[in-house]
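*Asks:* Input: one structure, supplied below.
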Amino acid sequence: MGTQIKNIGIKISNKIKNFRITRSVFAYPYVLFLMLFVIMPLIILLINAFMVNDELSLKNFSDFMTDGSNVQTLTFSLLIGLITTALCILIGYPIAYILSKWSSGRVIVLLFILPMWVNFLIRTLSTRFMFDAIGIKLGVETLIFGLVYNYIPFMILPLHTTLSNIDKSYTEAASDLGANHLSTFFKVTFPLSIPGILSGVTMVFIPTISTFAISQFLGGTSSYLFGDSIERKFMHQLYGVGSVMSIIMLAFVLIANYFMRKSNKGEASRNLW
Amino acid sequence: MVSTTLKRILERGFIIIALILLYTPIILMIIFSFFNTSSFTFKNGFSFDAYDSLFNSSNSAKIGEAFQNTIVIASVSSVISTIIGAVAAIGIFSMSRRSRNIIENINQLPVINSEIVIAVSLMLFFTSFKFPAGYTRLLIGHISFCTPYVILSVMPRLMQMDSNIYEAALDLGASPLRAIVSVIIPIILPGILSGFAMAFTISVDDFIITQFNKGTTTGIDTLSTYIYSSMHTGGGLKPYWFAAFSLIIVVVVGVLLLLNLRKYKSKAHLKASK
């Protein structure tokens, strides 16, 4: 008994000694910060979504489902998100591909990314004034233009990174073995660039459906996105339904991220700077 | 041969057209800032009136205040994020694999999460725990989404570092703290600096999180929330906004071009000297 207590005592004093020495202690303040200001807010969001009058309830959820306009906004946003993402791939892929072949590509890709650092409200308003000046009526088309315009750098950047990191010897081997340009592209380059496409897709799709402001300035009167309706719910103090919608948004984020991680370790998306 | 030159011309044309499209709205904004107008028309003639009214109109004070708020919030939150982030990265790096994985995943949350969810969850959190409205909330909010980026830019530096260097410092009699300050930190400094730059730009650029957490009664506005509310009230933007936007565009693009060209040049220089 006595030795056991002694042993425990030694263990504790060792712990205290180690506590002073190890570098991992430096992470503790930030871990606390993360718990408090990242995890806690999300828990509060969950509580707001699923608690009504201090009871667990799905009322907010059913309120969301039964109001047709909410579901309609969600499907509309998903559709707009899909179209925007598809257009970003269709336009962004050739750009990234061509630039990955040029020796000056690394500098020119910077030109494609530079506008991203000008505040998006300014860019969105400029496109809005441009449409007003030419006399194009605002609507779904102008909204999609604005979204593609805003988010295409997020597609070009990861694509360019993956495409220019593909080992040239693969394509050389393919053409040595008799493949023409087209089949080299479809059988070698394209499959190897899929991680880049996926991280581009998450970086375009998620912000597109959750954005607000862009749709208010470019979408005319009829087209809001899911982000707008979340904002509107909170502005009208409908915290419960708003929280349910935010949870749905979060679910989309996590699902998209899961697929992206499965295909690559998220490296391409980290190279933003 | 003909087909390859044709292909080259087509490729070049495609890139040029894409770049023109990308820059047209921005360049038009700058051009029309010299025509004292609140839409893209030439009818008011060339003048510097928009720039004049940016600095000498009834709203100049409010714009100046919004600008000051933007810079102050970005500076304070990016400095704090950089300190917390750099220290935390050193700590996280020396953790066991499992806890390191967990923390890195949580750290990833603000990066992947959509901004509106972060904004809304922080707002609910602040109101339910009655945090004082105004700068406190904004600073905490900005620090919470800037710090992960600092950690993400410091981590690769730590991974590239030879861990024997730290051990050597300890063997030579340095205390752990001394070893961190005079060995590890100088090595990861480039990562810390780019993390700081990133935190600062993200904070300056933020709109959604600030919009939700600035509070309706505090009257605090940053440039982006002020732009948003001016667009919504009083039927469109006044001409001085065109001047303000142009100045922002020129400064942002200019600074980034300079920084990147310098980086590119020093890389080219390195290559040449090898």
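Labels for the structure tokens follow display order: chains A, B, ..., residues from 1 in each chain, ligands from 1.
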Out of region 80-205 of chain A, which residues get alpha helix (DSSP H) from DSSP, as JSON, numbers by chain?
*Replies:* {"A": [80, 81, 82, 83, 84, 85, 86, 87, 88, 89, 90, 91, 92, 93, 94, 95, 96, 97, 98, 99, 100, 101, 105, 106, 107, 108, 109, 110, 111, 112, 113, 120, 121, 122, 123, 124, 125, 126, 127, 128, 129, 130, 131, 132, 133, 134, 140, 141, 142, 143, 144, 145, 146, 147, 148, 149, 150, 151, 152, 153, 154, 155, 156, 157, 158, 159, 160, 161, 162, 163, 164, 165, 168, 169, 170, 171, 172, 173, 174, 175, 176, 181, 182, 183, 184, 190, 191, 192, 194, 195, 196, 197, 198, 199, 200, 201, 202, 203, 204, 205]}
*Asks:* Grab the residues selected above and save them as an mmCIF file, in the first residue's frame with C-alpha atoms.
*Replies:*
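Output contents, as saved in result.cif:
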```
data_model
loop_
_atom_site.group_PDB
_atom_site.id
_atom_site.type_symbol
_atom_site.label_atom_id
_atom_site.label_comp_id
_atom_site.auth_asym_id
_atom_site.auth_seq_id
_atom_site.Cartn_x
_atom_site.Cartn_y
_atom_site.Cartn_z
ATOM 1 C CA ILE A 80 -26.601 27.721 -58.957
ATOM 2 C CA GLY A 81 -23.642 26.250 -57.072
ATOM 3 C CA LEU A 82 -23.410 23.342 -59.504
ATOM 4 C CA ILE A 83 -23.607 25.587 -62.571
ATOM 5 C CA THR A 84 -21.038 28.008 -61.154
ATOM 6 C CA THR A 85 -18.670 25.199 -60.231
ATOM 7 C CA ALA A 86 -19.058 23.548 -63.631
ATOM 8 C CA LEU A 87 -18.336 26.840 -65.410
ATOM 9 C CA CYS A 88 -15.323 27.442 -63.187
ATOM 10 C CA ILE A 89 -13.947 24.032 -64.162
ATOM 11 C CA LEU A 90 -14.724 24.526 -67.862
ATOM 12 C CA ILE A 91 -13.015 27.914 -67.967
ATOM 13 C CA GLY A 92 -10.445 27.415 -65.227
ATOM 14 C CA TYR A 93 -9.081 24.041 -66.304
ATOM 15 C CA PRO A 94 -7.848 25.150 -69.743
ATOM 16 C CA ILE A 95 -6.323 28.259 -68.172
ATOM 17 C CA ALA A 96 -4.483 26.243 -65.529
ATOM 18 C CA TYR A 97 -3.454 23.638 -68.105
ATOM 19 C CA ILE A 98 -2.040 26.142 -70.578
ATOM 20 C CA LEU A 99 -0.224 28.026 -67.832
ATOM 21 C CA SER A 100 1.279 24.828 -66.441
ATOM 22 C CA LYS A 101 2.970 24.261 -69.804
ATOM 23 C CA GLY A 105 3.063 30.302 -66.156
ATOM 24 C CA ARG A 106 3.997 30.758 -62.530
ATOM 25 C CA VAL A 107 4.095 34.523 -62.937
ATOM 26 C CA ILE A 108 0.966 34.764 -65.085
ATOM 27 C CA VAL A 109 -1.052 32.668 -62.651
ATOM 28 C CA LEU A 110 -0.351 35.419 -60.121
ATOM 29 C CA LEU A 111 -2.193 37.841 -62.402
ATOM 30 C CA PHE A 112 -5.226 35.572 -62.179
ATOM 31 C CA ILE A 113 -5.065 35.519 -58.402
ATOM 32 C CA PHE A 120 -15.204 41.081 -53.145
ATOM 33 C CA LEU A 121 -17.810 43.770 -52.525
ATOM 34 C CA ILE A 122 -15.830 46.196 -54.678
ATOM 35 C CA ARG A 123 -15.445 43.644 -57.472
ATOM 36 C CA THR A 124 -19.105 42.682 -57.281
ATOM 37 C CA LEU A 125 -20.235 46.299 -57.392
ATOM 38 C CA SER A 126 -17.970 46.973 -60.389
ATOM 39 C CA THR A 127 -19.567 44.110 -62.316
ATOM 40 C CA ARG A 128 -22.984 45.386 -61.266
ATOM 41 C CA PHE A 129 -22.238 48.878 -62.636
ATOM 42 C CA MET A 130 -20.851 47.305 -65.776
ATOM 43 C CA PHE A 131 -24.092 45.435 -66.389
ATOM 44 C CA ASP A 132 -26.103 48.578 -65.624
ATOM 45 C CA ALA A 133 -24.030 50.550 -68.141
ATOM 46 C CA ILE A 134 -24.438 48.012 -70.953
ATOM 47 C CA VAL A 140 -29.887 34.554 -62.734
ATOM 48 C CA GLU A 141 -27.392 34.980 -65.603
ATOM 49 C CA THR A 142 -25.725 38.041 -64.150
ATOM 50 C CA LEU A 143 -25.634 36.335 -60.751
ATOM 51 C CA ILE A 144 -23.829 33.332 -62.233
ATOM 52 C CA PHE A 145 -21.410 35.641 -64.049
ATOM 53 C CA GLY A 146 -20.662 37.425 -60.792
ATOM 54 C CA LEU A 147 -20.125 34.178 -58.908
ATOM 55 C CA VAL A 148 -17.821 32.726 -61.565
ATOM 56 C CA TYR A 149 -15.967 36.030 -61.719
ATOM 57 C CA ASN A 150 -15.498 36.016 -57.947
ATOM 58 C CA TYR A 151 -14.586 32.396 -57.391
ATOM 59 C CA ILE A 152 -12.636 31.340 -60.488
ATOM 60 C CA PRO A 153 -9.244 32.159 -58.908
ATOM 61 C CA PHE A 154 -10.029 29.529 -56.260
ATOM 62 C CA MET A 155 -10.366 26.976 -59.059
ATOM 63 C CA ILE A 156 -7.361 28.061 -61.123
ATOM 64 C CA LEU A 157 -4.944 28.104 -58.180
ATOM 65 C CA PRO A 158 -5.229 24.480 -56.914
ATOM 66 C CA LEU A 159 -5.523 23.209 -60.501
ATOM 67 C CA HIS A 160 -2.390 25.038 -61.539
ATOM 68 C CA THR A 161 -0.546 23.696 -58.493
ATOM 69 C CA THR A 162 -1.466 20.064 -59.208
ATOM 70 C CA LEU A 163 -0.984 20.319 -62.957
ATOM 71 C CA SER A 164 2.456 21.872 -62.711
ATOM 72 C CA ASN A 165 3.504 19.316 -60.097
ATOM 73 C CA LYS A 168 6.731 15.459 -67.013
ATOM 74 C CA SER A 169 8.159 11.967 -67.488
ATOM 75 C CA TYR A 170 4.641 10.475 -67.254
ATOM 76 C CA THR A 171 3.407 12.320 -70.312
ATOM 77 C CA GLU A 172 6.709 11.693 -72.119
ATOM 78 C CA ALA A 173 6.406 7.989 -71.353
ATOM 79 C CA ALA A 174 2.851 7.975 -72.674
ATOM 80 C CA SER A 175 3.856 9.577 -75.958
ATOM 81 C CA ASP A 176 6.910 7.284 -76.246
ATOM 82 C CA HIS A 181 -1.885 14.150 -77.388
ATOM 83 C CA LEU A 182 -5.563 13.561 -76.756
ATOM 84 C CA SER A 183 -5.236 10.141 -75.185
ATOM 85 C CA THR A 184 -2.175 11.227 -73.193
ATOM 86 C CA PHE A 190 -6.472 14.427 -66.411
ATOM 87 C CA PRO A 191 -6.629 11.537 -63.902
ATOM 88 C CA LEU A 192 -3.557 12.898 -62.123
ATOM 89 C CA ILE A 194 -8.370 15.094 -60.150
ATOM 90 C CA PRO A 195 -7.205 16.031 -56.606
ATOM 91 C CA GLY A 196 -6.768 19.603 -57.864
ATOM 92 C CA ILE A 197 -10.245 19.594 -59.386
ATOM 93 C CA LEU A 198 -11.753 18.306 -56.148
ATOM 94 C CA SER A 199 -10.116 20.909 -53.988
ATOM 95 C CA GLY A 200 -11.143 23.579 -56.494
ATOM 96 C CA VAL A 201 -14.700 22.267 -56.364
ATOM 97 C CA THR A 202 -14.914 22.545 -52.578
ATOM 98 C CA MET A 203 -13.346 25.976 -52.657
ATOM 99 C CA VAL A 204 -15.916 27.192 -55.201
ATOM 100 C CA PHE A 205 -19.082 25.259 -54.407
#
```
*Asks:* Excluding region 87-89 of chain B and residues on its chain fewer than 6 positions from it, collect all residues at most 9 Å away from it, counting only C-alpha atoms, and give them as a count of residues only.
*Replies:* 14
*Asks:* Identify, on the basis of only C-alpha atoms, every residue whose closest approach to Tyr51 (chain B) does not exceed 7 Å; exclude the query and any residue fewer than 4 positions from it along the same chain; express the result as a list in words.
*Replies:*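 Once the nearby chain positions are removed, what remains is Phe55, Tyr240 and Ala243 of chain B.
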*Asks:* Go ahead and save the picked residues with N, CA and C atoms, as an mmCIF file, in the first residue's frame.
*Replies:*
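Final output, saved to part01.cif:
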```
data_model
loop_
_atom_site.group_PDB
_atom_site.id
_atom_site.type_symbol
_atom_site.label_atom_id
_atom_site.label_comp_id
_atom_site.auth_asym_id
_atom_site.auth_seq_id
_atom_site.Cartn_x
_atom_site.Cartn_y
_atom_site.Cartn_z
ATOM 1 N N PHE B 55 -12.393 63.329 -49.554
ATOM 2 C CA PHE B 55 -11.706 63.879 -48.394
ATOM 3 C C PHE B 55 -12.412 65.104 -47.810
ATOM 4 N N TYR B 240 -17.918 59.554 -54.478
ATOM 5 C CA TYR B 240 -16.656 59.429 -53.735
ATOM 6 C C TYR B 240 -16.292 57.968 -53.467
ATOM 7 N N ALA B 243 -13.939 56.754 -56.011
ATOM 8 C CA ALA B 243 -12.567 57.173 -55.730
ATOM 9 C C ALA B 243 -11.949 56.277 -54.663
#
```
*Asks:* To one decimal place in Å, what is the distance between CA of Phe245 (chain B) and CA of Phe234 (chain A)?
*Replies:*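 Computing the Euclidean distance for CA of Phe245 (chain B) and CA of Phe234 (chain A) yields 29.3 Å.
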*Asks:* So, counting only C-alpha atoms, which residue among A:Phe186, A:Tyr258, A:Trp117, A:Trp102 is closest to chain B?
*Replies:*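 Nearest candidate to chain B out of A:Phe186, A:Tyr258, A:Trp117, A:Trp102: A:Trp117.
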*Asks:* Run DSSP on the backbone and grab whatever in region 11-252 of chain A lands in strand (DSSP E or B); send it over as a ChimeraX atom specification.
*Replies:* /A:51-52,55-56
*Asks:* Could those residues be written to a file, using C-alpha atoms, as a PDB file, in the first residue's frame?
*Replies:*
```pdb
ATOM      1  CA  MET A  51     -33.831  23.029 -28.343  1.00  0.00           C
ATOM      2  CA  VAL A  52     -37.167  24.797 -28.186  1.00  0.00           C
ATOM      3  CA  GLU A  55     -36.696  20.839 -24.563  1.00  0.00           C
ATOM      4  CA  LEU A  56     -35.159  18.725 -27.246  1.00  0.00           C
TER       5      LEU A  56
END
```
*Asks:* Restricting the calculation to only C-alpha atoms: of B:Ser94, B:Thr37, B:Thr4, B:Asn44, which residue gets closest to chain A?
*Replies:*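 Selected residue with least distance to chain A: B:Ser94.
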*Asks:* By how many Å are CA of Ser81 (chain B) and CA of Leu193 (chain B) apart?
*Replies:* 11.6 Å
*Asks:* Find the nearest atom pair between each residue of region 86-164 of chain B and region 42-47 of chain A for residues within 10 Å, count only C-alpha atoms, give distances in Å to one decimal, sort rows by chain and ascending number, and present the table as a Markdown table.
*Replies:*
```
| residue | atom | partner | partner_atom | distance |
| --- | --- | --- | --- | --- |
| B:Val117 | CA | A:Leu42 | CA | 8.5 |
| B:Ile118 | CA | A:Leu42 | CA | 8.0 |
| B:Val120 | CA | A:Leu45 | CA | 7.9 |
| B:Ser121 | CA | A:Leu45 | CA | 5.5 |
| B:Leu122 | CA | A:Leu42 | CA | 8.0 |
| B:Met123 | CA | A:Leu45 | CA | 9.5 |
| B:Leu124 | CA | A:Ile44 | CA | 6.8 |
| B:Phe125 | CA | A:Ile44 | CA | 6.2 |
| B:Phe126 | CA | A:Ile44 | CA | 10.0 |
| B:Ser128 | CA | A:Ile44 | CA | 8.4 |
```
*Asks:* Tell me which of B:Leu109, B:Ile63, B:Ala86, B:Leu247 sits closest to Pro190 (chain B), counting only C-alpha atoms.
*Replies:*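 Checking each candidate against Pro190 (chain B), we get B:Ala86 as the closest.
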*Asks:* Of the candidates B:Ser96, B:Thr233, B:Ser60, B:Asn164, which one gets nearest to chain A if we count only C-alpha atoms?
*Replies:*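 Checking each of B:Ser96, B:Thr233, B:Ser60, B:Asn164 against chain A, counting only C-alpha atoms, the winner is B:Ser96.
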*Asks:* Rank nothing, just name the residue among B:Arg157, B:Lys62, B:Lys130, B:His232 nearest to chain A, using only C-alpha atoms.
*Replies:*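 Nearest to chain A: B:His232.
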